[in-house]
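Read through the structure below, which is laid out as structure tokens, and then see the notes.
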Amino acid sequence: MEDQERDAGSIERQKTELTGSSKGDDRLTIMIFKGAGKVRTVKVSLRLLMGASLFLLFYIVATIFLTNAFFSTSRTTKIQARTIAGLTGELGKKGEVIERLRQRSSLLEEYLKEGKEQTPEPMATVDYSDSSLPKVVDINDLTVKSDRSVLQVDFKIVNTQLQEEPIGGYIFVLARLKGSEEPDVWVYPSAQLKNGKPIDYRLGHRFFIQRFRTVTANYTLNKAIDGQLILEILVYDRNGGLILKKVVEA
């Protein structure tokens with residue numbers, strides 16, 4: 001009877017030990033040595049340790065990802081800032097160009113308006129052409145503008161040949177005051193005269209036309225203009241032959 005009781009107690013102890021060991025299987029025992037003969041035991045749950053490890057791993061990965069995202073965003077922001085600064089600079093320059101063009105356009109409009117108001121009509125004065133010369137060119141739409149000692153003469157030299165073959169040569173415009181006892185003669189282009197004609201015809205204003213061409217003669221005179229002008233237009237061919245002599249009172 002006693003043997004049966006001892007066997008039963010032994011079995012209960014074994015069950016208790018097995019149960020205790022199965023309950024402690026999910027814990028990790030950490031032994032800390034503080035000195036000779038001093039040992040401290042700490043038990044840590046494996047589930048808690050694995051959870052902490054997973055959290056630490058997730059934290060490291062998330063930190064790396066967020067850090068890379070931050071630097072990438074920072075680089076993108078800097079690039080965009082430089083791009084915006086460049087575009088702003090270009091916009092400012094284009095704005096300055098537009099403003100200058102606007103100012104020039106305003107000045108041009110004012111100039112054209114003043115020109116329309118001041119441009120004289122083609123002169124309707126008596127003129128004279130030497131009929132003994134070949135009628136191959138003529139002068140049309142002659143206008144004269146004067147301002148004190150500045151004189152400007154504009155006209156068209158027209159090809160009057162029937163078949164409009166190209167023709168070229170040289171032009172002189174002589175100007176003098178009408179009725180002056182000792183008239184000064186102003187020559188365009190500047191050239192020396194002999195017997196009222198240029199010595200070297202090749203110094204004249206060169207032209208080559210199929211139909212017509214506008215010519216502008218500008219003079220800076222040695223005195224202010226006060227009176228009527230007599231203009232004498234001389235046209236030479238390429239060989240120096242006089243092909244037109246036109247005298248106009250302006």
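Chain lettering (A, B, ...) mirrors the order of the structure tokens, residue numbering begins at 1 for each chain separately, and ligand numbering begins at 1 in order of display.
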Give me the residues within 7 Å of Arg211 in chain A as an NGL selection string, counting only C-alpha atoms and dropping any in the same chain fewer than 6 places off.
:A and (158-159 or 164)
Let me see the file: selected residues, C-alpha atoms, as a PDB file, in the first residue's frame.
```
ATOM      1  CA  VAL A 158      12.143 106.293-113.594  1.00  0.00           C
ATOM      2  CA  ASN A 159      13.150 104.108-116.517  1.00  0.00           C
ATOM      3  CA  GLU A 164      12.200  98.696-119.672  1.00  0.00           C
TER       4      GLU A 164
END
```
Please return as a ChimeraX atom specification: the residues of range 35-188 of chain A that backbone DSSP assigns to strand (DSSP E).
/A:35,38-45,127-129,137-147,150-159,167-177,186-188
Using only N, CA and C atoms, please write the residues we just selected to a file, as a CSV table (one decimal), in the first residue's frame.
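Full text of out-v3.csv as output:
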```csv
chain,number,residue,atom,x,y,z
A,35,GLY,N,30.1,39.5,-10.6
A,35,GLY,CA,31.3,39.3,-9.9
A,35,GLY,C,31.5,37.8,-9.6
A,38,LYS,N,28.5,35.9,-8.1
A,38,LYS,CA,27.2,36.6,-8.1
A,38,LYS,C,26.6,36.5,-9.5
A,39,VAL,N,25.5,35.9,-9.6
A,39,VAL,CA,24.8,35.7,-10.8
A,39,VAL,C,23.4,36.1,-10.7
A,40,ARG,N,23.0,36.9,-11.7
A,40,ARG,CA,21.6,37.4,-11.7
A,40,ARG,C,20.9,36.8,-12.9
A,41,THR,N,19.8,36.3,-12.7
A,41,THR,CA,19.0,35.6,-13.8
A,41,THR,C,17.8,36.5,-14.2
A,42,VAL,N,17.7,36.7,-15.5
A,42,VAL,CA,16.5,37.5,-16.0
A,42,VAL,C,15.9,36.6,-17.0
A,43,LYS,N,14.6,36.5,-16.9
A,43,LYS,CA,13.8,35.7,-17.9
A,43,LYS,C,13.0,36.7,-18.8
A,44,VAL,N,13.2,36.5,-20.1
A,44,VAL,CA,12.5,37.4,-21.1
A,44,VAL,C,11.7,36.5,-22.0
A,45,SER,N,10.5,37.0,-22.2
A,45,SER,CA,9.6,36.3,-23.1
A,45,SER,C,10.1,36.3,-24.6
A,127,ASP,N,9.0,123.1,-114.3
A,127,ASP,CA,10.3,122.5,-114.4
A,127,ASP,C,10.7,122.5,-115.9
A,128,TYR,N,12.0,122.3,-116.1
A,128,TYR,CA,12.5,122.3,-117.5
A,128,TYR,C,13.4,121.1,-117.7
A,129,SER,N,13.2,120.4,-118.8
A,129,SER,CA,14.1,119.3,-119.1
A,129,SER,C,14.7,119.6,-120.5
A,137,VAL,N,15.3,108.2,-119.2
A,137,VAL,CA,15.0,108.3,-117.8
A,137,VAL,C,14.2,109.6,-117.5
A,138,ASP,N,13.5,109.6,-116.4
A,138,ASP,CA,12.8,110.8,-116.0
A,138,ASP,C,12.8,110.9,-114.5
A,139,ILE,N,12.4,112.1,-114.0
A,139,ILE,CA,12.3,112.4,-112.5
A,139,ILE,C,10.9,112.6,-112.2
A,140,ASN,N,10.4,111.9,-111.2
A,140,ASN,CA,9.0,112.0,-110.7
A,140,ASN,C,8.9,112.2,-109.2
A,141,ASP,N,7.8,112.7,-108.7
A,141,ASP,CA,7.5,112.8,-107.3
A,141,ASP,C,8.6,113.5,-106.5
A,142,LEU,N,9.0,114.6,-107.0
A,142,LEU,CA,10.1,115.4,-106.3
A,142,LEU,C,9.5,116.2,-105.2
A,143,THR,N,10.1,116.1,-104.0
A,143,THR,CA,9.7,116.8,-102.8
A,143,THR,C,10.9,117.4,-102.2
A,144,VAL,N,10.7,118.6,-101.5
A,144,VAL,CA,11.8,119.3,-100.9
A,144,VAL,C,11.4,119.6,-99.4
A,145,LYS,N,12.3,119.2,-98.5
A,145,LYS,CA,12.1,119.6,-97.1
A,145,LYS,C,13.3,120.4,-96.6
A,146,SER,N,13.0,121.5,-95.9
A,146,SER,CA,14.2,122.3,-95.4
A,146,SER,C,13.9,122.7,-94.0
A,147,ASP,N,15.0,122.8,-93.2
A,147,ASP,CA,14.9,123.2,-91.8
A,147,ASP,C,16.2,124.0,-91.6
A,150,VAL,N,19.5,122.9,-93.2
A,150,VAL,CA,19.4,121.5,-93.6
A,150,VAL,C,18.4,121.4,-94.8
A,151,LEU,N,18.8,120.7,-95.8
A,151,LEU,CA,17.9,120.6,-97.0
A,151,LEU,C,17.9,119.1,-97.4
A,152,GLN,N,16.7,118.6,-97.7
A,152,GLN,CA,16.5,117.2,-98.1
A,152,GLN,C,15.6,117.2,-99.4
A,153,VAL,N,16.1,116.6,-100.4
A,153,VAL,CA,15.4,116.5,-101.7
A,153,VAL,C,15.2,115.0,-102.0
A,154,ASP,N,13.9,114.6,-102.2
A,154,ASP,CA,13.5,113.2,-102.5
A,154,ASP,C,12.9,113.2,-103.9
A,155,PHE,N,13.2,112.2,-104.7
A,155,PHE,CA,12.5,112.0,-105.9
A,155,PHE,C,12.7,110.6,-106.4
A,156,LYS,N,12.0,110.2,-107.5
A,156,LYS,CA,12.1,108.9,-108.1
A,156,LYS,C,12.7,109.1,-109.5
A,157,ILE,N,13.7,108.3,-109.8
A,157,ILE,CA,14.3,108.2,-111.1
A,157,ILE,C,13.6,107.0,-111.8
A,158,VAL,N,13.0,107.3,-112.9
A,158,VAL,CA,12.1,106.3,-113.6
A,158,VAL,C,12.7,105.9,-114.9
A,159,ASN,N,12.7,104.6,-115.2
A,159,ASN,CA,13.1,104.1,-116.5
A,159,ASN,C,12.0,104.3,-117.5
A,167,ILE,N,18.9,100.0,-116.8
A,167,ILE,CA,19.8,101.1,-117.1
A,167,ILE,C,20.4,101.6,-115.8
A,168,GLY,N,21.7,102.0,-115.9
A,168,GLY,CA,22.4,102.5,-114.7
A,168,GLY,C,23.2,103.7,-115.1
A,169,GLY,N,23.7,104.4,-114.0
A,169,GLY,CA,24.5,105.6,-114.3
A,169,GLY,C,24.8,106.3,-113.0
A,170,TYR,N,24.9,107.7,-113.1
A,170,TYR,CA,25.2,108.5,-111.9
A,170,TYR,C,24.3,109.7,-111.9
A,171,ILE,N,24.0,110.2,-110.7
A,171,ILE,CA,23.1,111.3,-110.5
A,171,ILE,C,23.8,112.4,-109.7
A,172,PHE,N,23.6,113.7,-110.1
A,172,PHE,CA,24.0,114.8,-109.3
A,172,PHE,C,22.8,115.7,-109.1
A,173,VAL,N,22.7,116.3,-107.9
A,173,VAL,CA,21.6,117.3,-107.6
A,173,VAL,C,22.3,118.6,-107.2
A,174,LEU,N,22.1,119.6,-108.0
A,174,LEU,CA,22.7,121.0,-107.7
A,174,LEU,C,21.6,121.9,-107.2
A,175,ALA,N,21.8,122.6,-106.1
A,175,ALA,CA,20.8,123.5,-105.5
A,175,ALA,C,21.4,124.8,-105.3
A,176,ARG,N,20.6,125.9,-105.6
A,176,ARG,CA,21.0,127.3,-105.4
A,176,ARG,C,19.8,128.1,-105.1
A,177,LEU,N,20.0,129.3,-104.5
A,177,LEU,CA,18.9,130.2,-104.2
A,177,LEU,C,18.6,131.0,-105.4
A,186,TRP,N,25.2,124.2,-104.1
A,186,TRP,CA,25.4,123.1,-103.2
A,186,TRP,C,25.2,121.8,-104.1
A,187,VAL,N,26.2,120.9,-104.0
A,187,VAL,CA,26.2,119.8,-104.9
A,187,VAL,C,26.0,118.5,-104.1
A,188,TYR,N,25.1,117.6,-104.5
A,188,TYR,CA,25.0,116.3,-103.9
A,188,TYR,C,25.2,115.2,-105.0
```
In Å, rounded to a single decimal, give me how far CA of Arg100 in chain A is from CA of Leu112 in chain A.
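Value for the CA of Leu112 in chain A-CA of Arg100 in chain A distance: 18.0 Å.
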Return the single residue from A:Lys178, A:Tyr59, A:Asn239, A:Gly86 that is closest to Asp200 in chain A, with distances computed using only C-alpha atoms.
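Looking at the shortest contact to Asp200 in chain A, the residue is A:Asn239.
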Using DSSP on the backbone, list every residue of range 19-243 of chain A that comes out as helix (DSSP H, G or I), and give them as an NGL selection string.
:A and (19-23 or 46-118 or 201-203)
